[in-house]
Amino acid sequence: MKSWLARRSDFSRSQKLSIGYTLVLFGLKTMRVYLIFGLLIFSEARVFAQEILLQGKVTTSDGIVLKNASVFVKDLEKGTVTDSLGNFTLLLSKGDRIQITVSLLGFNSVERWVTDPFEYIHFQLETRTTGLEEVVVSGTLQELSRSASPVPVEVLTSSFFRSNPAPSLFESFQQVNGVRAQVNCAICNTGDIQINGLPGPYTMILIDGMPIISGLATVYGLSGIPQSLIDRIEIVKGPASTLYGSEAVGGLIHILTKKPEKAPLFSIDFMGTSWQELSMDASVKTSFGKYVQSLTGVNIFQYKQPLDKNKDGLTDLALQDRVSIFQKIAMQRNKGKLLSLAGRLVLEDRWGGEMNWTPRERGGDQIYGESIQTWRWELFGTYDLPLIQDLKLQVSANGHQQDSYYGTTFYGAHQKIGFGQLTWNKRTGIHQLLLGAAYRLTSYDDSTPATADPINQNNAPSITHLPGIFLQDELKISSKAQLLLGLRHDFSRVHGSIWSPRINFKFNSEDKSLIWRTSLGNGFRVANVFTEDHAALTGARTVIFTEKLRPEASWNLTTNLLKKIYSSSGNYFGVDASLFYTHFSNQIIPDYESNPNEIRYANLDGTSRNRGLSLNLDGLWANGFKLLTGVTWMDVSMKEGVRRVQQLFAERFSGVWTIGYHIHSLELTLDYTGNVYGPMRLPLLGPLDDRQENSPWWSLQNIQVTKRFGNKWEVYGGIKNLLNYRPPSNSIARAFDPFDRGVTFDDAGTVVSTSTNPNALSFDPTYLFAPNQGIRGFLGLRFTL
């Protein structure tokens with residue numbers, strides 16, 4: 001058959017030319033970054049001027065003194081904090097008029113202009129009635145405060161991830177309760193994001209409202225997003241198919257990049273580890289006139305030092321070269337209308353395997369290696385139509401090309417996705433209406449039987465059209481009660497009509513410090529095994545489809561209680577508790593156990609469920625102490641006939657914590673972060689397999705010290721994986737024989753026990769529950785203007 005896969009040599013030449021051209025552009029962009037960086041350092045030279053003393057006091061409106069309140073003069077970039085009596089003293093350069101901002105957690109900030117000569121100033125702060133006024137969009141596709149959203153949305157700002165910095169966003173999610181970065185490949189270290197124990201393909205990941213990361217990119221797309229460009233991340237747990245369609249079964253993660261007009265002029269972040277990992281994250285803002293602004297981001301990661309700490313003969317961490325370039329342009333139009341365009345390019349080359357593997361052995365049968373070369377582009381934009389009505393058009397397109405070898409197994413794939421969505425917002429009386437139409441076109445071609453025509457013996461790329469319409473009505477019953485109704489209809493030529501309804505109810509106290517939400521919704525997913533399940537490729541197992549796969553469907557019921565407490569002394573405490581239950585039908589669960597040499601795929605002949613309890617406890621003290629902790633208990637199981645069993649790779653218990661302390665006088669921050677996971681069931685190769693059926697309790701813990709120098713510089717460093725935890729060295733079965741040369745099979749393909757292989761094992765890296773990377777130090781430098 002003649003396909004793009006059959007023309008791999010031509011494809012490789014054109015790809016190399018494209019890569020070369022891209023790297024030239026990247027080199028020019030990098031030179032620009034370094035030039036600006038140098039100019040900024042030079043501009044740090046100070047011009048000394050006459051200085052005067054500014055004194056004052058900060059109290060509540062009732063006269064209670066407030067200590068550790070921040071007093072900041074933005075124009076002069078100078079600040080201090082109040083002492084135990086609420087007093088402050090600030091030495092300033094002489095000026096005619098300055099603006100002072102006073103803030104403290106749990107209170108509304110105050111800004112005041114003062115004029116020279118400066119007198120003793122008394123600031124009075126009012127207690128903040130709610131801390132839930134962050135703007136969120138993920139729950140309803142509309143911008144509204146978090147407290148007003150009928151859908152519970154967790155908001156993570158960029159500062160949350162700085163307590164445990166990581167070279168990729170994928171690794172950063174290990175600090176989020178109920179969210180786990182699951183490593184699916186013990187050799188090439190690719191993975192996905194699980195929400196409440198559900199596999200990664202059930203999680204939809206969006207960038208600025210567009211479903212950019214899906215299919216192939218579920219495995220690879222989370223690497224290389226410049227973290228310096230991230231404004232916040234919103235997480236919705238539970239089905240969101242009513243608004244977002246297929247794949248939003250377990251929940252969604254929405255990455256929102258910074259608006260160019262609010263982004264820093266320049267920022268850069270360098271980090272290195274004792275394992276010789278090097279990463280750089282940089283962003284530059286550029287203005288073109290008064291109404292057009294641009295934001296450019298670059299992410300670079302390199303790891304080129306193969307290590308084998310567990311002595312199994314294979315690399316503990318895949319070697320990687322990755323470059324990602326992000327560009328965003330925003331134009332402010334008449335009457336506040338917006339036009340925004342953005343794009344991202346990702347190039348990555350990674351490999352793992354035997355320590356003496358080199359690119360010459362790629363695809364060979366002498367030295368085992370898993371080599372993955374990825375080329376990915378993304379474009380997306382938003383356009384507010386120039387009409388009186390609130391009409392918004394959002395479009396996106398992306399392409400993903402992958403050239404991979406898993407030992408001698410070649411996997412080449414090419415995926416393109418086009419997406420368009422038009423929404424109309426209208427408020428009438430107590431109703432806030434949202435009407436939308438969406439269309440997704442997916443083209444997928446690979447080197448597996450998934451895109452082959454067995455009758456005509458030729459290539460048959462998969463072309464999927466998925467149009468949909470949705471309607472949402474948000475009813476404000478009263479100042480305390482709110483009801484959300486939604487319905488979506490998608491049509492597939494293969495599966496026909498797919499309906500996704502949902503209902504949400506919210507009740508809050510008068511001051512919104514107590515909020516109760518309950519939701520009932522449906523989710524669906526059209527699966528593609530090869531783009532989503534890395535285990536279908538790696539190792540020596542044969543992939544078997546026992547039937548034509550049907551769409552998965554689920555029903556979810558969630559109730560959430562949120563309580564916020566602000567004390568008069570500036571301390572804050574929060575409790576966020578959720579009960580959830582999801583019932584699946586037609587779920588596709590890989591069968592590793594019927595035959596240890598196969599992975600069987602079929603719709604479950606029965607039902608499965610995902611239920612549990614999630615609890616978050618947060619505390620922030622005015623003296624600089626911080627405690628963020630959460631636990632999740634889950635039951636992720638399936639039932640066929642009368643037997644119910646726990647699903648593979650799903651832990652029953654997980655917990656996370658962040659403990660921090662900021663020493664104001666030294667501008668020094670200490671962070672201790674960690675997570676803990678309970679046992680999960682793992683796939684064995686048969687009754688003679690001597691590995692444990694369940695993983696042990698395990699934990700990753702980290703410590704970091706951050707020192708600020710003024711308002712521009714930060715130096716940070718610490719230790720990751722303090723306990724040096726690693727999975728057992730025999731996790732990869734027969735790691736010394738990846739080509740199964742010493743394995744005897746019978747006529748049915750079953751491994752036979754022999755004197756040299758008494759446990760009847762074959763090479764298998766699917767037994768995996770934790771990263772192989774052990775303890776390591778890290779050191780980093782940040783500069784922000």
# chains A, B, ... in the order shown; residues from 1 in each chain; ligands from 1
call {"tool": "select_by_dssp", "arguments": {"residues": "segment 61-236 of chain A", "states": "helix (DSSP H, G or I)", "output": "CSV table (one decimal) with N, CA, C and O atoms, in the first residue's frame"}}
result
chain,number,residue,atom,x,y,z
A,146,ARG,N,-15.4,32.9,40.4
A,146,ARG,CA,-15.4,31.5,40.9
A,146,ARG,C,-16.5,31.2,41.8
A,146,ARG,O,-17.2,30.2,41.8
A,147,SER,N,-16.9,32.2,42.7
A,147,SER,CA,-18.0,32.0,43.6
A,147,SER,C,-19.3,32.0,42.9
A,147,SER,O,-20.3,31.3,43.4
A,148,ALA,N,-19.4,32.6,41.7
A,148,ALA,CA,-20.7,32.6,41.0
A,148,ALA,C,-20.9,31.4,40.1
A,148,ALA,O,-22.0,31.1,39.6
A,158,SER,N,0.3,30.5,38.6
A,158,SER,CA,1.7,30.1,38.3
A,158,SER,C,2.5,30.0,39.6
A,158,SER,O,3.4,29.2,39.7
A,159,SER,N,2.2,30.8,40.6
A,159,SER,CA,2.9,30.7,41.9
A,159,SER,C,2.8,29.4,42.6
A,159,SER,O,3.7,28.9,43.3
A,160,PHE,N,1.7,28.7,42.4
A,160,PHE,CA,1.4,27.4,43.0
A,160,PHE,C,2.5,26.4,42.6
A,160,PHE,O,3.0,25.6,43.4
A,161,PHE,N,2.9,26.4,41.3
A,161,PHE,CA,3.9,25.4,40.8
A,161,PHE,C,5.3,25.8,41.1
A,161,PHE,O,6.2,25.0,41.0
A,169,LEU,N,5.2,20.9,32.4
A,169,LEU,CA,4.0,21.0,33.1
A,169,LEU,C,3.5,19.6,33.5
A,169,LEU,O,2.8,19.5,34.5
A,170,PHE,N,3.8,18.6,32.8
A,170,PHE,CA,3.4,17.2,33.1
A,170,PHE,C,3.8,16.9,34.5
A,170,PHE,O,3.0,16.4,35.3
A,171,GLU,N,5.1,17.1,34.8
A,171,GLU,CA,5.6,16.8,36.2
A,171,GLU,C,5.0,17.6,37.3
A,171,GLU,O,4.8,17.2,38.4
A,172,SER,N,4.6,18.9,36.9
A,172,SER,CA,4.1,19.8,37.9
A,172,SER,C,2.8,19.3,38.5
A,172,SER,O,2.4,19.7,39.7
A,173,PHE,N,2.0,18.5,37.8
A,173,PHE,CA,0.7,18.1,38.3
A,173,PHE,C,0.7,17.1,39.4
A,173,PHE,O,-0.3,16.8,40.0
A,174,GLN,N,1.9,16.7,39.8
A,174,GLN,CA,2.0,15.7,40.9
A,174,GLN,C,1.7,16.4,42.2
A,174,GLN,O,1.5,15.7,43.2
A,175,GLN,N,1.5,17.7,42.3
A,175,GLN,CA,1.2,18.4,43.5
A,175,GLN,C,-0.3,18.8,43.6
A,175,GLN,O,-0.7,19.5,44.6
A,200,GLY,N,-5.6,8.7,31.5
A,200,GLY,CA,-5.4,9.9,30.8
A,200,GLY,C,-6.3,10.3,29.7
A,200,GLY,O,-6.7,11.4,29.5
A,201,PRO,N,-6.6,9.3,28.8
A,201,PRO,CA,-7.5,9.7,27.7
A,201,PRO,C,-8.9,10.2,28.1
A,201,PRO,O,-9.6,10.7,27.2
A,202,TYR,N,-9.3,10.0,29.3
A,202,TYR,CA,-10.5,10.6,29.8
A,202,TYR,C,-10.4,12.0,30.3
A,202,TYR,O,-11.4,12.6,30.7
A,217,ALA,N,-1.3,13.8,21.2
A,217,ALA,CA,-0.7,14.8,22.1
A,217,ALA,C,-1.1,14.5,23.5
A,217,ALA,O,-0.6,15.2,24.4
A,218,THR,N,-2.1,13.6,23.8
A,218,THR,CA,-2.3,13.3,25.2
A,218,THR,C,-1.1,12.8,25.8
A,218,THR,O,-0.8,13.0,27.0
A,219,VAL,N,-0.3,12.1,25.1
A,219,VAL,CA,1.0,11.5,25.6
A,219,VAL,C,2.1,12.5,25.5
A,219,VAL,O,2.9,12.6,26.5
A,220,TYR,N,2.2,13.3,24.5
A,220,TYR,CA,3.4,14.1,24.3
A,220,TYR,C,3.2,15.6,24.4
A,220,TYR,O,4.1,16.4,24.5
A,227,GLN,N,6.1,27.6,30.8
A,227,GLN,CA,5.4,27.9,32.0
A,227,GLN,C,5.4,29.4,32.3
A,227,GLN,O,4.6,29.9,33.1
A,228,SER,N,6.4,30.1,31.7
A,228,SER,CA,6.4,31.6,32.0
A,228,SER,C,5.2,32.3,31.3
A,228,SER,O,4.9,33.4,31.7
A,229,LEU,N,4.5,31.6,30.4
A,229,LEU,CA,3.4,32.2,29.8
A,229,LEU,C,2.0,31.8,30.4
A,229,LEU,O,1.0,32.4,30.0
call {"tool": "residues_around", "arguments": {"residues": "segment 77-89 of chain A", "least_positions_apart": "2", "cutoff": "12 Å", "atoms": "only C-alpha atoms", "output": "ChimeraX atom specification"}}
result
/A:52-60,63-75,91-93,98-104,118-125,569,622-624,663-667,709-712,785
call {"tool": "closest_residue", "arguments": {"among": "A:Ile469, A:Met638, A:Leu278, A:Leu685", "to": "Arg488 of chain A", "atoms": "only C-alpha atoms"}}
result
A:Ile469
call {"tool": "residues_around", "arguments": {"residues": "Thr273 of chain A", "least_positions_apart": "4", "cutoff": "10 Å", "atoms": "only C-alpha atoms", "output": "ChimeraX atom specification"}}
result
/A:277-279,303,717-720,776-780
call {"tool": "residues_around", "arguments": {"residues": "Thr374 of chain A", "least_positions_apart": "5", "cutoff": "10 Å", "atoms": "only C-alpha atoms", "output": "ChimeraX atom specification"}}
result
/A:217,220-221,322,346-350,400-404,413
call {"tool": "atom_distance", "arguments": {"atom1": "atom CA of Thr632 of chain A", "atom2": "atom CA of Ile207 of chain A"}}
result
26.5 Å
call {"tool": "select_by_dssp", "arguments": {"residues": "segment 448-506 of chain A", "states": "strand (DSSP E or B)", "output": "NGL selection string"}}
result
:A and (452-453 or 458-459 or 462-476 or 481-492 or 496-506)
call {"tool": "residues_around", "arguments": {"residues": "Asp740 of chain A", "least_positions_apart": "4", "cutoff": "9 Å", "atoms": "only C-alpha atoms", "output": "ChimeraX atom specification"}}
result
/A:540,734,744,762-763
